[in-house]
Amino acid sequence: MKQEKILVIGASGQIGVELTLALRKIYGAANVIASDLREQNPLLEGTGPYVSLDVMNKEMLHVQVIRQNVTQIYLLAAILSATGEKNPGLAWHLNMQGLLNVLDIAREEKLTKIYWPSSIAVFGPTSPRQDCPQKTIIEPTTVYGISKYAGEFWCDYYFTKFGVDVRSLRYPGLISYKSAPGGGTTDYAVEIYIDALRDKHYDCFLEKDTYLPMMYMPDAIRATIELMEAPRENIRTRTSYNLSGMSFSPEEIAAEIKKHIPEFTIAYEPDYRQAIANSWPQSIDDSVAQQEWGWKPEYDLSAMTIDMLKHL
Ligand code: NAD
Ligand code: AKB
């Protein structure tokens, strides 16, 4: 069997660091090349190869793929929801062109597999708010959500027309302690732990009763690897799979933290991100992922809180 050689693009981000380290454990450090616009990352230093690379430079990307004998790409470089609303043109450009560059190269070089994440941000105010199903009305109102929804159809198109084995998950908001989040609306759920430990207080940019779909990073990494390792014929959804972990509000996560840090206080000062959060579902139905490749989350709010506070 051909040795897989994996290129992770956006490896210095919140997901990239942990996914790169997990892939290195499975495929061997030398077979997983971390790449990012950022020149280096202390969390990845000494763990395997790292190259500075701009996904928008298709020629350079193509050269890297050929030179390093890359067989799979995990594309994580993107601009997330909150930052995207500040610069919609740039968000659209990076999120679309980056994906198209990777899909084109995958087609030309006959790469074995591509991973590209979508988001619960594809859903909009007209989608069901509770247990939002895989297939439903999808009318996103953020540029980030629009770019993810368009991206899903590009993935489906490259699979159907050219046989590119591209796989995707609609991640919920991800919570982690290793690498900081990069400009999303769900970032509050990471900041709250950091501020609770440091200041015993958090000023939350969302209202206390704003429920959102969330997931702890170990579940997200496991889901990604399980999806990528599933037999090709099991992957019948070629846009992107709904993925669910848990759903909670700022008030509920604050109450959970208070069980461990009784003096913790929280204040609510909603800003422009409230409108983004209000446009998304509160919970997600991921039964299609469960049926097609056996997805099952492990962490709930209580288990995640214990683990976050232990590691931060
Ligand atoms: P992040 O912002 O933390 O990381 C993105 C990385 O991409 C950064 O290190 C950045 O330097 C790099 N990058 C930016 N422009 C680049 C370019 N032109 N070329 C190469 N690298 C570039 O993002 P993340 O949270 O790790 O998200 C990764 C992917 O997962 C994104 O597609 C995001 O939309 C998706 N996602 C994330 C979440 C979440 O909660 N973190 C939820 C849903 C979907
Ligand atoms: C964001 O808030 O933008 C991301 C996401 C849910 O895609 N965390």
# chains A, B, ... in the order shown; residues from 1 in each chain; ligands from 1
>>> residues_near_ligand(ligand="ligand 2", cutoff="7 Å", atoms="only C-alpha atoms and all ligand atoms", output="ChimeraX atom specification")
/A:80-82,119-121,171-174,183-187
>>> write_last_selection(atoms="N, CA, C and O atoms", output="short mmCIF file (atom, residue, chain, number, x, y, z; two decimals), in the first residue's frame")
data_model
loop_
_atom_site.label_atom_id
_atom_site.label_comp_id
_atom_site.auth_asym_id
_atom_site.auth_seq_id
_atom_site.Cartn_x
_atom_site.Cartn_y
_atom_site.Cartn_z
N LEU A 80 -13.05 33.07 10.13
CA LEU A 80 -14.26 32.61 10.82
C LEU A 80 -15.33 33.70 10.91
O LEU A 80 -15.14 34.82 10.41
N SER A 81 -16.43 33.39 11.60
CA SER A 81 -17.65 34.22 11.48
C SER A 81 -17.48 35.67 11.93
O SER A 81 -17.87 36.59 11.20
N ALA A 82 -16.91 35.88 13.12
CA ALA A 82 -16.86 37.24 13.66
C ALA A 82 -15.88 38.11 12.86
O ALA A 82 -16.20 39.23 12.46
N SER A 119 -19.27 24.24 8.72
CA SER A 119 -19.63 24.75 10.05
C SER A 119 -21.15 24.77 10.20
O SER A 119 -21.88 24.85 9.21
N ILE A 120 -21.59 24.79 11.47
CA ILE A 120 -23.02 24.99 11.74
C ILE A 120 -23.45 26.38 11.27
O ILE A 120 -24.64 26.69 11.24
N ALA A 121 -22.46 27.21 10.92
CA ALA A 121 -22.74 28.57 10.42
C ALA A 121 -23.43 28.56 9.05
O ALA A 121 -23.89 29.60 8.58
N TYR A 171 -18.60 21.41 11.75
CA TYR A 171 -18.26 21.49 13.18
C TYR A 171 -19.18 22.47 13.90
O TYR A 171 -19.48 23.55 13.37
N PRO A 172 -19.54 22.15 15.15
CA PRO A 172 -20.13 23.17 16.04
C PRO A 172 -19.00 24.08 16.56
O PRO A 172 -17.84 23.93 16.14
N GLY A 173 -19.29 24.98 17.50
CA GLY A 173 -18.24 25.77 18.13
C GLY A 173 -17.30 24.85 18.88
O GLY A 173 -17.76 23.99 19.64
N LEU A 174 -15.99 25.02 18.68
CA LEU A 174 -15.03 24.09 19.30
C LEU A 174 -14.34 24.72 20.50
O LEU A 174 -13.92 25.88 20.45
N GLY A 183 -11.27 33.95 16.06
CA GLY A 183 -12.18 34.98 15.55
C GLY A 183 -13.59 34.50 15.25
O GLY A 183 -14.24 34.99 14.34
N GLY A 184 -14.07 33.54 16.05
CA GLY A 184 -15.43 33.03 15.86
C GLY A 184 -16.40 33.60 16.89
O GLY A 184 -15.99 34.26 17.85
N THR A 185 -17.69 33.31 16.69
CA THR A 185 -18.74 33.76 17.60
C THR A 185 -18.80 32.87 18.83
O THR A 185 -19.21 33.30 19.91
N THR A 186 -18.36 31.61 18.68
CA THR A 186 -18.40 30.67 19.81
C THR A 186 -17.15 30.78 20.70
O THR A 186 -17.03 30.03 21.67
N ASP A 187 -16.24 31.69 20.37
CA ASP A 187 -14.97 31.80 21.13
C ASP A 187 -15.20 32.10 22.61
O ASP A 187 -14.32 31.86 23.44
#
>>> closest_atom_pairs(of="region 254-301 of chain A", to="region 219-233 of chain A", cutoff="7 Å", atoms="only C-alpha atoms", output="tab-separated table")
residue	atom	partner	partner_atom	distance
A:Trp293	CA	A:Ala230	CA	6.4
A:Trp295	CA	A:Ala223	CA	6.8
A:Pro297	CA	A:Asp219	CA	6.0
A:Glu298	CA	A:Asp219	CA	6.6
>>> residues_near_ligand(ligand="ligand 1", cutoff="7 Å", atoms="only C-alpha atoms and all ligand atoms", output="number ranges by chain")
A: 9-16, 35-38, 53-56, 76-80, 94, 116-120, 170-175, 180-184, 186
>>> write_last_selection(atoms="N, CA, C and O atoms", output="short mmCIF file (atom, residue, chain, number, x, y, z; two decimals), in the first residue's frame")
data_model
loop_
_atom_site.label_atom_id
_atom_site.label_comp_id
_atom_site.auth_asym_id
_atom_site.auth_seq_id
_atom_site.Cartn_x
_atom_site.Cartn_y
_atom_site.Cartn_z
N ILE A 9 -2.97 22.35 5.99
CA ILE A 9 -2.88 23.79 5.68
C ILE A 9 -3.70 24.55 6.72
O ILE A 9 -4.88 24.27 6.92
N GLY A 10 -3.04 25.52 7.39
CA GLY A 10 -3.69 26.20 8.52
C GLY A 10 -3.38 25.45 9.81
O GLY A 10 -4.16 25.44 10.76
N ALA A 11 -2.18 24.83 9.85
CA ALA A 11 -1.80 23.96 10.98
C ALA A 11 -1.54 24.71 12.28
O ALA A 11 -1.48 24.09 13.34
N SER A 12 -1.38 26.04 12.20
CA SER A 12 -1.10 26.80 13.42
C SER A 12 -2.35 27.32 14.10
O SER A 12 -2.27 28.06 15.08
N GLY A 13 -3.52 26.95 13.60
CA GLY A 13 -4.77 27.46 14.17
C GLY A 13 -5.28 26.62 15.33
O GLY A 13 -4.63 25.67 15.78
N GLN A 14 -6.49 26.94 15.78
CA GLN A 14 -7.06 26.26 16.94
C GLN A 14 -7.18 24.76 16.70
O GLN A 14 -6.81 23.95 17.55
N ILE A 15 -7.69 24.37 15.53
CA ILE A 15 -7.84 22.94 15.23
C ILE A 15 -6.52 22.38 14.70
O ILE A 15 -6.13 21.25 15.02
N GLY A 16 -5.83 23.18 13.88
CA GLY A 16 -4.65 22.71 13.16
C GLY A 16 -3.60 22.11 14.06
O GLY A 16 -3.05 21.04 13.76
N SER A 35 1.62 23.23 7.71
CA SER A 35 1.89 24.45 6.95
C SER A 35 0.90 25.53 7.36
O SER A 35 -0.23 25.23 7.77
N ASP A 36 1.35 26.78 7.25
CA ASP A 36 0.51 27.90 7.66
C ASP A 36 1.15 29.18 7.12
O ASP A 36 2.33 29.20 6.78
N LEU A 37 0.33 30.24 7.06
CA LEU A 37 0.88 31.57 6.75
C LEU A 37 1.90 31.97 7.79
O LEU A 37 2.90 32.62 7.50
N ARG A 38 1.61 31.59 9.06
CA ARG A 38 2.53 31.92 10.15
C ARG A 38 3.83 31.15 9.96
O ARG A 38 3.82 29.98 9.57
N LEU A 53 3.47 28.63 4.20
CA LEU A 53 2.80 28.47 2.90
C LEU A 53 1.50 29.27 2.87
O LEU A 53 0.76 29.30 3.86
N ASP A 54 1.25 29.93 1.74
CA ASP A 54 0.00 30.69 1.56
C ASP A 54 -0.90 29.89 0.62
O ASP A 54 -0.57 29.68 -0.55
N VAL A 55 -2.06 29.46 1.12
CA VAL A 55 -2.95 28.62 0.30
C VAL A 55 -3.45 29.38 -0.93
O VAL A 55 -3.90 28.78 -1.91
N MET A 56 -3.36 30.71 -0.89
CA MET A 56 -3.82 31.52 -2.03
C MET A 56 -2.81 31.49 -3.18
O MET A 56 -3.15 31.84 -4.30
N LEU A 76 -7.44 23.73 6.54
CA LEU A 76 -8.07 24.37 7.71
C LEU A 76 -8.00 25.90 7.65
O LEU A 76 -8.60 26.58 8.49
N ALA A 77 -7.25 26.45 6.70
CA ALA A 77 -7.11 27.91 6.62
C ALA A 77 -8.44 28.54 6.23
O ALA A 77 -9.05 28.15 5.24
N ALA A 78 -8.91 29.47 7.05
CA ALA A 78 -10.18 30.16 6.76
C ALA A 78 -10.29 31.38 7.65
O ALA A 78 -9.56 31.53 8.63
N ILE A 79 -11.24 32.26 7.30
CA ILE A 79 -11.60 33.37 8.20
C ILE A 79 -12.95 33.02 8.79
O ILE A 79 -13.90 32.69 8.06
N LEU A 80 -13.05 33.07 10.13
CA LEU A 80 -14.26 32.61 10.82
C LEU A 80 -15.33 33.70 10.91
O LEU A 80 -15.14 34.82 10.41
N LEU A 94 -10.63 34.27 0.68
CA LEU A 94 -9.80 33.20 1.25
C LEU A 94 -10.58 31.88 1.34
O LEU A 94 -10.09 30.83 0.92
N TRP A 116 -11.94 19.02 4.40
CA TRP A 116 -12.24 20.46 4.48
C TRP A 116 -13.44 20.65 5.41
O TRP A 116 -14.50 20.08 5.16
N PRO A 117 -13.28 21.42 6.49
CA PRO A 117 -14.41 21.58 7.41
C PRO A 117 -15.39 22.65 6.99
O PRO A 117 -15.00 23.73 6.55
N SER A 118 -16.68 22.32 7.15
CA SER A 118 -17.72 23.32 7.07
C SER A 118 -18.10 23.68 8.51
O SER A 118 -17.30 23.45 9.44
N SER A 119 -19.27 24.24 8.72
CA SER A 119 -19.63 24.75 10.05
C SER A 119 -21.15 24.77 10.20
O SER A 119 -21.88 24.85 9.21
N ILE A 120 -21.59 24.79 11.47
CA ILE A 120 -23.02 24.99 11.74
C ILE A 120 -23.45 26.38 11.27
O ILE A 120 -24.64 26.69 11.24
N ARG A 170 -19.63 19.55 9.44
CA ARG A 170 -20.10 20.86 9.91
C ARG A 170 -19.82 20.94 11.40
O ARG A 170 -20.66 20.55 12.21
N TYR A 171 -18.60 21.41 11.75
CA TYR A 171 -18.26 21.49 13.18
C TYR A 171 -19.18 22.47 13.90
O TYR A 171 -19.48 23.55 13.37
N PRO A 172 -19.54 22.15 15.15
CA PRO A 172 -20.13 23.17 16.04
C PRO A 172 -19.00 24.08 16.56
O PRO A 172 -17.84 23.93 16.14
N GLY A 173 -19.29 24.98 17.50
CA GLY A 173 -18.24 25.77 18.13
C GLY A 173 -17.30 24.85 18.88
O GLY A 173 -17.76 23.99 19.64
N LEU A 174 -15.99 25.02 18.68
CA LEU A 174 -15.03 24.09 19.30
C LEU A 174 -14.34 24.72 20.50
O LEU A 174 -13.92 25.88 20.45
N ILE A 175 -14.21 23.92 21.56
CA ILE A 175 -13.64 24.40 22.82
C ILE A 175 -12.37 23.61 23.10
O ILE A 175 -12.38 22.37 23.04
N ALA A 180 -5.29 28.94 20.82
CA ALA A 180 -6.39 29.91 20.98
C ALA A 180 -7.31 29.91 19.77
O ALA A 180 -6.87 29.67 18.65
N PRO A 181 -8.61 30.18 19.99
CA PRO A 181 -9.53 30.27 18.85
C PRO A 181 -9.27 31.52 18.01
O PRO A 181 -8.70 32.49 18.49
N GLY A 182 -9.73 31.46 16.74
CA GLY A 182 -9.28 32.49 15.78
C GLY A 182 -10.37 33.40 15.23
O GLY A 182 -10.43 33.60 14.03
N GLY A 183 -11.27 33.95 16.06
CA GLY A 183 -12.18 34.98 15.55
C GLY A 183 -13.59 34.50 15.25
O GLY A 183 -14.24 34.99 14.34
N GLY A 184 -14.07 33.54 16.05
CA GLY A 184 -15.43 33.03 15.86
C GLY A 184 -16.40 33.60 16.89
O GLY A 184 -15.99 34.26 17.85
N THR A 186 -18.36 31.61 18.68
CA THR A 186 -18.40 30.67 19.81
C THR A 186 -17.15 30.78 20.70
O THR A 186 -17.03 30.03 21.67
#
>>> select_by_dssp(residues="region 88-167 of chain A", states="helix (DSSP H, G or I)", output="PyMOL selection string")
chain A and resi 88-109+120-122+143-162
>>> atom_distance(atom1="CA of Lys110 (chain A)", atom2="CA of Tyr157 (chain A)")
15.6 Å
>>> residues_around(residues="Val8 (chain A)", least_positions_apart="5", cutoff="12 Å", atoms="only C-alpha atoms", output="number ranges by chain")
A: 13, 15-24, 31-37, 48-55, 61, 64-65, 70-77, 102, 114-116
>>> select_by_dssp(residues="region 150-289 of chain A", states="strand (DSSP E or B)", output="list in words")
Val166, Arg167, Leu169, Arg170, Tyr171, Gly173, Leu174, Ile175, His201, Tyr202, Asp203, Cys204, Leu212, Pro213, Met214, Met215, Tyr216, Tyr241, Asn242, Met246, Ser247, Phe248, Thr265, Ile266, Ala267, Tyr268 and Ile284 of chain A
>>> closest_residue(among="A:Gln290, A:His62, A:Asp307, A:Ser279", to="Ile138 (chain A)", atoms="only C-alpha atoms")
A:Ser279
>>> residues_around(residues="region 198-209 of chain A", least_positions_apart="2", cutoff="10 Å", atoms="only C-alpha atoms", output="number ranges by chain")
A: 185-189, 191-196, 211-212, 248-254, 257-258, 261-278
>>> write_last_selection(atoms="N, CA, C and O atoms", output="short mmCIF file (atom, residue, chain, number, x, y, z; two decimals), in the first residue's frame")
data_model
loop_
_atom_site.label_atom_id
_atom_site.label_comp_id
_atom_site.auth_asym_id
_atom_site.auth_seq_id
_atom_site.Cartn_x
_atom_site.Cartn_y
_atom_site.Cartn_z
N THR A 185 -17.69 33.31 16.69
CA THR A 185 -18.74 33.76 17.60
C THR A 185 -18.80 32.87 18.83
O THR A 185 -19.21 33.30 19.91
N THR A 186 -18.36 31.61 18.68
CA THR A 186 -18.40 30.67 19.81
C THR A 186 -17.15 30.78 20.70
O THR A 186 -17.03 30.03 21.67
N ASP A 187 -16.24 31.69 20.37
CA ASP A 187 -14.97 31.80 21.13
C ASP A 187 -15.20 32.10 22.61
O ASP A 187 -14.32 31.86 23.44
N TYR A 188 -16.36 32.65 22.96
CA TYR A 188 -16.62 32.99 24.36
C TYR A 188 -16.46 31.76 25.26
O TYR A 188 -16.04 31.86 26.42
N ALA A 189 -16.82 30.59 24.69
CA ALA A 189 -16.82 29.38 25.50
C ALA A 189 -15.40 28.87 25.79
O ALA A 189 -15.23 27.93 26.58
N GLU A 191 -12.80 31.55 26.09
CA GLU A 191 -12.37 32.70 26.91
C GLU A 191 -12.88 32.59 28.34
O GLU A 191 -12.19 32.97 29.28
N ILE A 192 -14.10 32.08 28.51
CA ILE A 192 -14.71 32.04 29.84
C ILE A 192 -13.87 31.20 30.81
O ILE A 192 -13.70 31.58 31.98
N TYR A 193 -13.28 30.11 30.34
CA TYR A 193 -12.44 29.27 31.22
C TYR A 193 -11.15 29.99 31.58
O TYR A 193 -10.70 29.95 32.73
N ILE A 194 -10.56 30.65 30.57
CA ILE A 194 -9.27 31.34 30.81
C ILE A 194 -9.48 32.47 31.82
O ILE A 194 -8.75 32.60 32.80
N ASP A 195 -10.53 33.28 31.61
CA ASP A 195 -10.79 34.40 32.51
C ASP A 195 -11.23 33.93 33.90
O ASP A 195 -10.90 34.54 34.91
N ALA A 196 -11.96 32.82 33.95
CA ALA A 196 -12.41 32.29 35.25
C ALA A 196 -11.21 31.93 36.12
O ALA A 196 -11.17 32.23 37.31
N TYR A 211 -28.26 29.82 23.47
CA TYR A 211 -27.84 28.42 23.31
C TYR A 211 -27.18 28.24 21.95
O TYR A 211 -27.69 28.73 20.94
N LEU A 212 -26.04 27.53 21.92
CA LEU A 212 -25.37 27.22 20.65
C LEU A 212 -24.84 25.79 20.67
O LEU A 212 -24.50 25.27 21.74
N PHE A 248 -25.27 24.44 25.02
CA PHE A 248 -25.44 25.12 26.30
C PHE A 248 -25.44 26.63 26.07
O PHE A 248 -25.08 27.10 24.98
N SER A 249 -25.82 27.36 27.12
CA SER A 249 -25.86 28.82 27.07
C SER A 249 -24.73 29.37 27.96
O SER A 249 -24.20 28.63 28.81
N PRO A 250 -24.39 30.66 27.83
CA PRO A 250 -23.39 31.26 28.73
C PRO A 250 -23.75 31.07 30.21
O PRO A 250 -22.89 30.78 31.04
N GLU A 251 -25.03 31.20 30.52
CA GLU A 251 -25.46 31.04 31.92
C GLU A 251 -25.17 29.62 32.42
O GLU A 251 -24.74 29.42 33.55
N GLU A 252 -25.38 28.63 31.55
CA GLU A 252 -25.16 27.24 31.96
C GLU A 252 -23.68 26.90 32.11
O GLU A 252 -23.30 26.20 33.04
N ILE A 253 -22.85 27.40 31.21
CA ILE A 253 -21.41 27.10 31.34
C ILE A 253 -20.86 27.83 32.57
O ILE A 253 -20.01 27.29 33.30
N ALA A 254 -21.38 29.04 32.86
CA ALA A 254 -20.94 29.79 34.04
C ALA A 254 -21.30 29.00 35.31
O ALA A 254 -20.49 28.90 36.24
N ILE A 257 -18.88 26.17 35.76
CA ILE A 257 -17.56 26.63 36.24
C ILE A 257 -17.64 26.97 37.73
O ILE A 257 -16.72 26.67 38.50
N LYS A 258 -18.75 27.55 38.14
CA LYS A 258 -18.95 27.92 39.56
C LYS A 258 -18.87 26.71 40.50
O LYS A 258 -18.49 26.85 41.66
N ILE A 261 -15.13 26.78 40.80
CA ILE A 261 -14.56 28.06 41.26
C ILE A 261 -15.74 28.88 41.82
O ILE A 261 -16.34 29.69 41.10
N PRO A 262 -16.10 28.67 43.09
CA PRO A 262 -17.34 29.26 43.63
C PRO A 262 -17.37 30.79 43.56
O PRO A 262 -18.45 31.38 43.45
N GLU A 263 -16.21 31.45 43.60
CA GLU A 263 -16.20 32.92 43.57
C GLU A 263 -16.35 33.49 42.16
O GLU A 263 -16.40 34.71 41.97
N PHE A 264 -16.45 32.65 41.14
CA PHE A 264 -16.54 33.10 39.74
C PHE A 264 -17.82 33.92 39.51
O PHE A 264 -18.91 33.55 39.95
N THR A 265 -17.65 35.07 38.80
CA THR A 265 -18.83 35.88 38.43
C THR A 265 -18.81 36.13 36.92
O THR A 265 -17.75 36.06 36.28
N ILE A 266 -19.98 36.44 36.37
CA ILE A 266 -20.08 36.71 34.94
C ILE A 266 -21.00 37.91 34.71
O ILE A 266 -21.96 38.11 35.47
N ALA A 267 -20.64 38.75 33.72
CA ALA A 267 -21.51 39.87 33.34
C ALA A 267 -21.76 39.75 31.84
O ALA A 267 -20.95 39.17 31.11
N TYR A 268 -22.91 40.28 31.39
CA TYR A 268 -23.29 40.11 29.98
C TYR A 268 -23.29 41.46 29.27
O TYR A 268 -24.00 42.38 29.67
N GLU A 269 -22.44 41.56 28.23
CA GLU A 269 -22.38 42.79 27.42
C GLU A 269 -22.41 42.39 25.95
O GLU A 269 -21.38 42.38 25.27
N PRO A 270 -23.61 42.04 25.44
CA PRO A 270 -23.69 41.55 24.06
C PRO A 270 -23.22 42.58 23.05
O PRO A 270 -23.51 43.77 23.22
N ASP A 271 -22.49 42.13 22.03
CA ASP A 271 -22.04 43.03 20.96
C ASP A 271 -22.54 42.50 19.60
O ASP A 271 -23.51 41.72 19.55
N TYR A 272 -21.87 42.86 18.51
CA TYR A 272 -22.35 42.48 17.17
C TYR A 272 -22.42 40.97 16.96
O TYR A 272 -23.13 40.48 16.09
N ARG A 273 -21.70 40.21 17.80
CA ARG A 273 -21.70 38.75 17.64
C ARG A 273 -23.02 38.12 18.09
O ARG A 273 -23.32 36.98 17.72
N GLN A 274 -23.83 38.89 18.88
CA GLN A 274 -25.13 38.36 19.31
C GLN A 274 -26.02 38.05 18.09
O GLN A 274 -26.69 37.02 18.04
N ALA A 275 -25.99 38.97 17.11
CA ALA A 275 -26.84 38.77 15.92
C ALA A 275 -26.40 37.52 15.15
O ALA A 275 -27.25 36.79 14.61
N ILE A 276 -25.11 37.29 15.12
CA ILE A 276 -24.61 36.08 14.42
C ILE A 276 -25.12 34.84 15.17
O ILE A 276 -25.68 33.92 14.56
N ALA A 277 -24.93 34.84 16.49
CA ALA A 277 -25.37 33.69 17.29
C ALA A 277 -26.87 33.46 17.15
O ALA A 277 -27.33 32.31 17.04
N ASN A 278 -27.64 34.54 17.13
CA ASN A 278 -29.11 34.41 17.02
C ASN A 278 -29.53 33.79 15.69
O ASN A 278 -30.63 33.27 15.57
#
>>> residues_around(residues="Tyr177 (chain A)", least_positions_apart="3", cutoff="7 Å", atoms="only C-alpha atoms", output="PyMOL selection string")
chain A and resi 308+311-312
